[in-house]
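Colleague: Contents of start.cif (mmCIF, C-alpha atoms) are below:
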data_model
loop_
_atom_site.group_PDB
_atom_site.id
_atom_site.type_symbol
_atom_site.label_atom_id
_atom_site.label_comp_id
_atom_site.auth_asym_id
_atom_site.auth_seq_id
_atom_site.Cartn_x
_atom_site.Cartn_y
_atom_site.Cartn_z
ATOM 1 C CA ALA L 1 -84.536 -22.932 -17.713
ATOM 2 C CA ARG L 2 -82.504 -19.773 -17.606
ATOM 3 C CA SER L 3 -83.212 -17.053 -20.064
ATOM 4 C CA GLU L 4 -80.790 -16.304 -22.902
ATOM 5 C CA PRO L 5 -79.861 -12.851 -21.448
ATOM 6 C CA ALA L 6 -78.912 -14.475 -18.140
ATOM 7 C CA ARG L 7 -76.692 -17.017 -19.901
ATOM 8 C CA PHE L 8 -75.079 -14.237 -21.922
ATOM 9 C CA SER L 9 -74.385 -12.191 -18.767
ATOM 10 C CA ARG L 10 -72.846 -15.216 -17.105
ATOM 11 C CA ARG L 11 -70.515 -15.856 -20.068
ATOM 12 C CA VAL L 12 -69.453 -12.195 -20.115
ATOM 13 C CA LEU L 13 -68.780 -12.256 -16.365
ATOM 14 C CA LEU L 14 -66.788 -15.497 -16.655
ATOM 15 C CA ARG L 15 -64.665 -14.108 -19.497
ATOM 16 C CA ALA L 16 -64.019 -10.887 -17.546
ATOM 17 C CA THR L 17 -62.961 -12.869 -14.468
ATOM 18 C CA VAL L 18 -60.576 -15.052 -16.495
ATOM 19 C CA ALA L 19 -59.092 -11.975 -18.173
ATOM 20 C CA GLN L 20 -58.614 -10.249 -14.823
ATOM 21 C CA CYS L 21 -56.893 -13.312 -13.346
ATOM 22 C CA ALA L 22 -54.569 -13.513 -16.349
ATOM 23 C CA GLU L 23 -53.711 -9.839 -15.976
ATOM 24 C CA LEU L 24 -52.944 -10.237 -12.263
ATOM 25 C CA SER L 25 -50.772 -13.263 -13.001
ATOM 26 C CA ALA L 26 -48.862 -11.339 -15.657
ATOM 27 C CA GLN L 27 -48.327 -8.476 -13.227
ATOM 28 C CA ARG L 28 -46.935 -10.851 -10.617
ATOM 29 C CA GLU L 29 -44.562 -12.394 -13.132
ATOM 30 C CA SER L 30 -43.394 -8.994 -14.324
ATOM 31 C CA ARG L 31 -42.756 -7.623 -10.837
ATOM 32 C CA PRO L 32 -39.195 -8.977 -10.542
ATOM 33 C CA SER L 33 -38.213 -7.483 -13.877
ATOM 34 C CA MET L 34 -40.005 -4.273 -12.939
ATOM 35 C CA TRP L 35 -38.060 -4.078 -9.669
ATOM 36 C CA PHE L 36 -34.817 -4.743 -11.524
ATOM 37 C CA PHE L 37 -35.664 -1.894 -13.857
ATOM 38 C CA VAL L 38 -36.462 0.452 -10.957
ATOM 39 C CA ALA L 39 -33.282 -0.552 -9.097
ATOM 40 C CA GLY L 40 -31.204 -0.038 -12.225
ATOM 41 C CA PHE L 41 -32.764 3.357 -12.816
ATOM 42 C CA VAL L 42 -32.099 4.459 -9.227
ATOM 43 C CA ALA L 43 -28.487 3.242 -9.470
ATOM 44 C CA ALA L 44 -27.999 5.109 -12.740
ATOM 45 C CA VAL L 45 -29.374 8.292 -11.190
ATOM 46 C CA ALA L 46 -27.065 7.862 -8.185
ATOM 47 C CA VAL L 47 -24.032 7.413 -10.428
ATOM 48 C CA ALA L 48 -25.023 10.393 -12.536
ATOM 49 C CA THR L 49 -25.456 12.480 -9.391
ATOM 50 C CA ALA L 50 -22.048 11.404 -8.081
ATOM 51 C CA ASP L 51 -20.402 12.197 -11.397
ATOM 52 C CA ALA L 52 -22.123 15.578 -11.465
ATOM 53 C CA LYS L 53 -20.237 16.583 -8.323
ATOM 54 C CA ALA L 54 -17.002 16.494 -10.259
ATOM 55 C CA CYS L 55 -16.057 19.524 -12.369
ATOM 56 C CA GLU L 56 -18.379 21.796 -10.365
ATOM 57 C CA GLY L 57 -15.775 23.794 -8.475
ATOM 58 C CA GLU L 58 -15.683 21.819 -5.212
ATOM 59 C CA ASP L 59 -13.319 19.216 -3.782
ATOM 60 C CA LEU L 60 -14.110 16.171 -1.677
ATOM 61 C CA ALA L 61 -13.498 16.343 2.059
ATOM 62 C CA SER L 62 -9.776 16.094 2.801
ATOM 63 C CA ASP L 63 -10.258 12.796 4.647
ATOM 64 C CA ALA L 64 -12.571 11.221 2.051
ATOM 65 C CA PRO L 65 -11.688 7.566 1.354
ATOM 66 C CA LEU L 66 -9.729 6.563 -1.717
ATOM 67 C CA ARG L 67 -11.953 5.660 -4.667
ATOM 68 C CA ILE L 68 -10.699 2.978 -7.043
ATOM 69 C CA GLY L 69 -12.511 2.271 -10.283
ATOM 70 C CA VAL L 70 -11.437 -0.356 -12.824
ATOM 71 C CA LYS L 71 -11.880 0.924 -16.381
ATOM 72 C CA HIS L 72 -10.212 -2.031 -18.098
ATOM 73 C CA ARG L 73 -9.963 -5.361 -16.301
ATOM 74 C CA ILE L 74 -7.580 -8.201 -17.162
ATOM 75 C CA ALA L 75 -8.797 -11.786 -16.889
ATOM 76 C CA GLU L 76 -7.182 -13.856 -14.146
ATOM 77 C CA ALA L 77 -5.914 -16.330 -16.743
ATOM 78 C CA ASP L 78 -4.011 -13.491 -18.442
ATOM 79 C CA CYS L 79 -2.589 -12.061 -15.218
ATOM 80 C CA PRO L 80 0.345 -14.153 -13.989
ATOM 81 C CA ARG L 81 1.480 -11.448 -11.566
ATOM 82 C CA LYS L 82 -0.174 -8.618 -9.651
ATOM 83 C CA SER L 83 1.553 -5.516 -8.348
ATOM 84 C CA ALA L 84 2.723 -5.584 -4.737
ATOM 85 C CA PRO L 85 4.872 -3.372 -2.499
ATOM 86 C CA GLY L 86 8.506 -3.596 -3.584
ATOM 87 C CA ASP L 87 7.660 -4.059 -7.283
ATOM 88 C CA LYS L 88 8.958 -1.618 -9.851
ATOM 89 C CA LEU L 89 6.042 -0.371 -11.950
ATOM 90 C CA LYS L 90 6.034 1.278 -15.365
ATOM 91 C CA MET L 91 2.890 3.298 -15.960
ATOM 92 C CA HIS L 92 1.101 5.834 -18.092
ATOM 93 C CA TYR L 93 -1.130 8.305 -16.289
ATOM 94 C CA THR L 94 -3.202 11.429 -16.764
ATOM 95 C CA GLY L 95 -3.971 13.619 -13.767
ATOM 96 C CA THR L 96 -6.874 16.066 -13.528
ATOM 97 C CA LEU L 97 -8.340 18.240 -10.782
ATOM 98 C CA TYR L 98 -11.638 16.931 -9.440
ATOM 99 C CA SER L 99 -12.979 20.449 -8.940
ATOM 100 C CA ASP L 100 -12.864 21.614 -12.557
ATOM 101 C CA CYS L 101 -11.539 18.570 -14.480
ATOM 102 C CA SER L 102 -8.546 20.535 -15.774
ATOM 103 C CA LYS L 103 -5.480 18.440 -16.643
ATOM 104 C CA PHE L 104 -2.336 19.201 -14.658
ATOM 105 C CA ASP L 105 -0.004 16.423 -15.814
ATOM 106 C CA SER L 106 0.206 13.481 -18.194
ATOM 107 C CA SER L 107 2.937 11.006 -19.049
ATOM 108 C CA ARG L 108 1.098 10.320 -22.310
ATOM 109 C CA ASP L 109 1.609 13.906 -23.438
ATOM 110 C CA ARG L 110 5.356 13.402 -22.962
ATOM 111 C CA ASP L 111 5.162 9.906 -24.472
ATOM 112 C CA THR L 112 7.328 8.763 -21.569
ATOM 113 C CA PRO L 113 6.044 6.163 -19.067
ATOM 114 C CA PHE L 114 6.605 6.871 -15.381
ATOM 115 C CA GLU L 115 8.596 4.344 -13.331
ATOM 116 C CA PHE L 116 8.739 3.969 -9.545
ATOM 117 C CA THR L 117 8.836 1.371 -6.798
ATOM 118 C CA LEU L 118 5.476 0.696 -5.170
ATOM 119 C CA GLY L 119 5.030 1.082 -1.420
ATOM 120 C CA GLN L 120 8.264 2.974 -0.745
ATOM 121 C CA GLY L 121 6.881 6.516 -0.426
ATOM 122 C CA MET L 122 8.204 7.557 -3.830
ATOM 123 C CA VAL L 123 4.714 8.746 -4.860
ATOM 124 C CA ILE L 124 1.663 10.110 -3.054
ATOM 125 C CA LYS L 125 -0.069 7.719 -0.685
ATOM 126 C CA GLY L 126 -3.130 7.528 -2.927
ATOM 127 C CA TRP L 127 -0.923 5.899 -5.546
ATOM 128 C CA ASP L 128 0.879 3.589 -3.124
ATOM 129 C CA ASP L 129 -2.494 2.345 -1.866
ATOM 130 C CA GLY L 130 -4.478 2.504 -5.103
ATOM 131 C CA LEU L 131 -2.059 0.675 -7.405
ATOM 132 C CA ARG L 132 -1.747 -2.556 -5.447
ATOM 133 C CA GLY L 133 -3.076 -5.769 -6.932
ATOM 134 C CA MET L 134 -2.982 -4.526 -10.528
ATOM 135 C CA CYS L 135 -2.300 -6.609 -13.611
ATOM 136 C CA ALA L 136 -0.179 -5.458 -16.536
ATOM 137 C CA GLY L 137 -2.562 -3.860 -19.027
ATOM 138 C CA GLU L 138 -5.141 -2.932 -16.378
ATOM 139 C CA VAL L 139 -6.526 0.607 -16.338
ATOM 140 C CA ARG L 140 -7.825 2.224 -13.156
ATOM 141 C CA LYS L 141 -9.364 5.527 -12.162
ATOM 142 C CA LEU L 142 -8.189 6.834 -8.786
ATOM 143 C CA THR L 143 -10.022 9.647 -7.020
ATOM 144 C CA ILE L 144 -7.720 10.892 -4.277
ATOM 145 C CA ALA L 145 -8.666 13.377 -1.549
ATOM 146 C CA SER L 146 -5.993 15.800 -0.378
ATOM 147 C CA ASP L 147 -4.967 13.815 2.733
ATOM 148 C CA LEU L 148 -3.771 11.047 0.404
ATOM 149 C CA GLY L 149 -2.504 13.530 -2.190
ATOM 150 C CA TYR L 150 -0.591 16.780 -1.775
ATOM 151 C CA GLY L 151 -2.337 17.945 1.387
ATOM 152 C CA ASP L 152 -2.967 21.571 2.269
ATOM 153 C CA ALA L 153 0.258 22.711 0.613
ATOM 154 C CA GLY L 154 -0.551 21.362 -2.845
ATOM 155 C CA SER L 155 2.067 21.469 -5.580
ATOM 156 C CA PRO L 156 2.945 25.042 -6.622
ATOM 157 C CA ASP L 157 1.789 26.216 -10.063
ATOM 158 C CA ARG L 158 -0.102 22.986 -10.760
ATOM 159 C CA ILE L 159 -2.113 21.669 -7.823
ATOM 160 C CA PRO L 160 -3.795 23.999 -5.289
ATOM 161 C CA GLY L 161 -3.826 23.170 -1.589
ATOM 162 C CA GLY L 162 -6.584 20.804 -0.493
ATOM 163 C CA ALA L 163 -7.211 19.632 -4.048
ATOM 164 C CA THR L 164 -8.899 16.332 -4.836
ATOM 165 C CA LEU L 165 -7.083 14.586 -7.677
ATOM 166 C CA VAL L 166 -8.296 12.182 -10.342
ATOM 167 C CA PHE L 167 -5.822 9.897 -12.088
ATOM 168 C CA GLU L 168 -6.428 7.538 -14.973
ATOM 169 C CA VAL L 169 -3.553 5.066 -14.750
ATOM 170 C CA GLU L 170 -2.494 2.169 -16.967
ATOM 171 C CA LEU L 171 -0.006 -0.389 -15.688
ATOM 172 C CA LEU L 172 2.374 -1.273 -18.501
ATOM 173 C CA GLU L 173 4.910 -3.498 -16.776
ATOM 174 C CA ILE L 174 5.759 -5.084 -13.418
ATOM 175 C CA ALA L 175 9.357 -5.890 -12.508
ATOM 176 C CA ASP L 176 11.343 -6.742 -9.402
ATOM 177 C CA GLY L 177 12.256 -3.477 -7.701
ATOM 178 C CA ASP L 178 15.478 -2.599 -5.908
ATOM 179 C CA PHE L 179 13.619 -2.804 -2.619
ATOM 180 C CA ALA L 180 12.150 -6.239 -3.388
ATOM 181 C CA GLY L 181 15.542 -7.910 -3.088
ATOM 182 C CA ASP L 182 16.281 -6.092 0.164
ATOM 183 C CA ASN L 183 12.949 -7.232 1.613
ATOM 184 C CA LYS L 184 13.698 -10.854 0.688
ATOM 185 C CA LYS L 185 17.114 -10.659 2.369
ATOM 186 C CA LYS L 186 15.560 -9.235 5.516
ATOM 187 C CA LYS L 187 12.991 -12.034 5.594
ATOM 188 C CA LYS L 188 15.709 -14.653 5.232
ATOM 189 C CA LYS L 189 17.716 -13.079 8.047
ATOM 190 C CA LYS L 190 14.666 -13.046 10.288
ATOM 191 C CA LYS L 191 14.000 -16.729 9.583
ATOM 192 C CA ARG L 192 17.583 -17.682 10.359
ATOM 193 C CA LYS L 193 17.523 -15.670 13.548
ATOM 194 C CA GLY L 194 14.283 -17.338 14.545
ATOM 195 C CA ARG L 195 15.786 -20.792 14.008
ATOM 196 C CA LYS L 196 18.769 -19.942 16.229
ATOM 197 C CA GLN L 197 16.448 -18.772 18.968
ATOM 198 C CA GLN L 198 14.440 -21.969 18.720
ATOM 199 C CA LYS L 199 17.606 -24.042 19.075
ATOM 200 C CA VAL L 200 18.668 -22.101 22.149
ATOM 201 C CA GLU L 201 15.241 -22.524 23.766
ATOM 202 C CA MET L 202 15.261 -26.258 23.142
#
Please re-express this file's structure in structure tokens.
Modeller:
Amino acid sequence: ARSEPARFSRRVLLRATVAQCAELSAQRESRPSMWFFVAGFVAAVAVATADAKACEGEDLASDAPLRIGVKHRIAEADCPRKSAPGDKLKMHYTGTLYSDCSKFDSSRDRDTPFEFTLGQGMVIKGWDDGLRGMCAGEVRKLTIASDLGYGDAGSPDRIPGGATLVFEVELLEIADGDFAGDNKKKKKKKKRKGRKQQKVEM
């Protein structure tokens, strides 16, 4: 028969082994959540670092790609129409310089929405590209490098040459633009012409 001390040592060892196994199992189960936490933390640091570059006296490279951020999204069910080239848009906007975050223009300050036809070169290219596919009520943040903005010349007294621009834009209304009708007529003419050519070939 085994002595009482030996039995006691065996029970202690068994309990320690069970406890260690339970701890390892818990660690395995918590690893996914731990990795999610680490990934989230890294992403937050990256975003904070990117944001820190703004307002620090430097612009993005002139050929930097257009950045489009959605600050207020509209559900698909509440968006019967999205902006497209040829549409007349009514918008509110606030423009700031990326380098020092100073405001250079705002339709809200004038309490007068800005209207233009999308995709017709009536605004800077960053707007023509960055405002497509919007819903009425949607709010976007556009970060526009100088190649898609005012270039090396800038806009005297307000925007220096080579400036990166940041616009917060809200689409208020979408309507058929003057150019939309012209585009439809051209398409119809092309279709008719194509039909005549098909008849001749047959």
Colleague: Translate the PyMOL selection byres ((chain L and resi 115-124) around 7) into a concrete residue list for this structure, as a ChimeraX atom specification.
Modeller: /L:84-91,113-114,125-128,148-149,177
Colleague: Given the choices L:Cys55, L:Cys79, L:Leu97, L:Leu172, which gets closest to Tyr150 in chain L if the distance is worked out from all atoms listed in the file?
Modeller: L:Leu97
Colleague: Give me the residues near Gly95 in chain L as a ChimeraX atom specification, where near means some atom within 7 Å (using all atoms listed in the file) and where sequence neighbours in that chain fewer than 2 positions away do not count.
Modeller: /L:93,103-106,165-168
Colleague: If you measure from CA of Glu58 in chain L to CA of Lys141 in chain L, what distance in Å do you get, rounded to one decimal?
Modeller: 18.8 Å
Colleague: Could you check how far CA of Ile174 in chain L sits from CA of Arg110 in chain L, in Å to one decimal?
Modeller: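 Distance between the two atoms: 20.8 Å.
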Colleague: Calculate how many Å separate CA of Ala136 in chain L from CA of Asp109 in chain L, rounding to one decimal.
Modeller: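 Going from CA of Ala136 in chain L over to CA of Asp109 in chain L covers 20.6 Å.
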Colleague: Taking the file as shown, what set of residues would the PyMOL selection byres ((chain L and resi 65) around 8) give back, as a list of chain:residue names?
Modeller: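 Selected by the PyMOL selection byres ((chain L and resi 65) around 8) here: L:Asp63, L:Ala64, L:Leu66, L:Arg67, L:Ile144, L:Ala145.
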Colleague: Kindly resolve the PyMOL selection byres ((chain L and resi 72) around 7) on the present coordinates and return the residues as a ChimeraX atom specification.
Modeller: /L:70-71,73-74,138-140
Colleague: Taking only C-alpha atoms into account, name the residue in L:Thr94, L:Ser107, L:Thr164, L:Ser102 that is nearest to Ser146 in chain L.
Modeller: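 The closest residue to Ser146 in chain L is L:Thr164.
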Colleague: Using all atoms listed in the file, pick whichever of L:Ser83, L:Ile68, L:Thr143, L:His92 has the shortest atom-to-atom distance to Thr112 in chain L.
Modeller: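 For Thr112 in chain L, the nearest of the given residues is L:His92.
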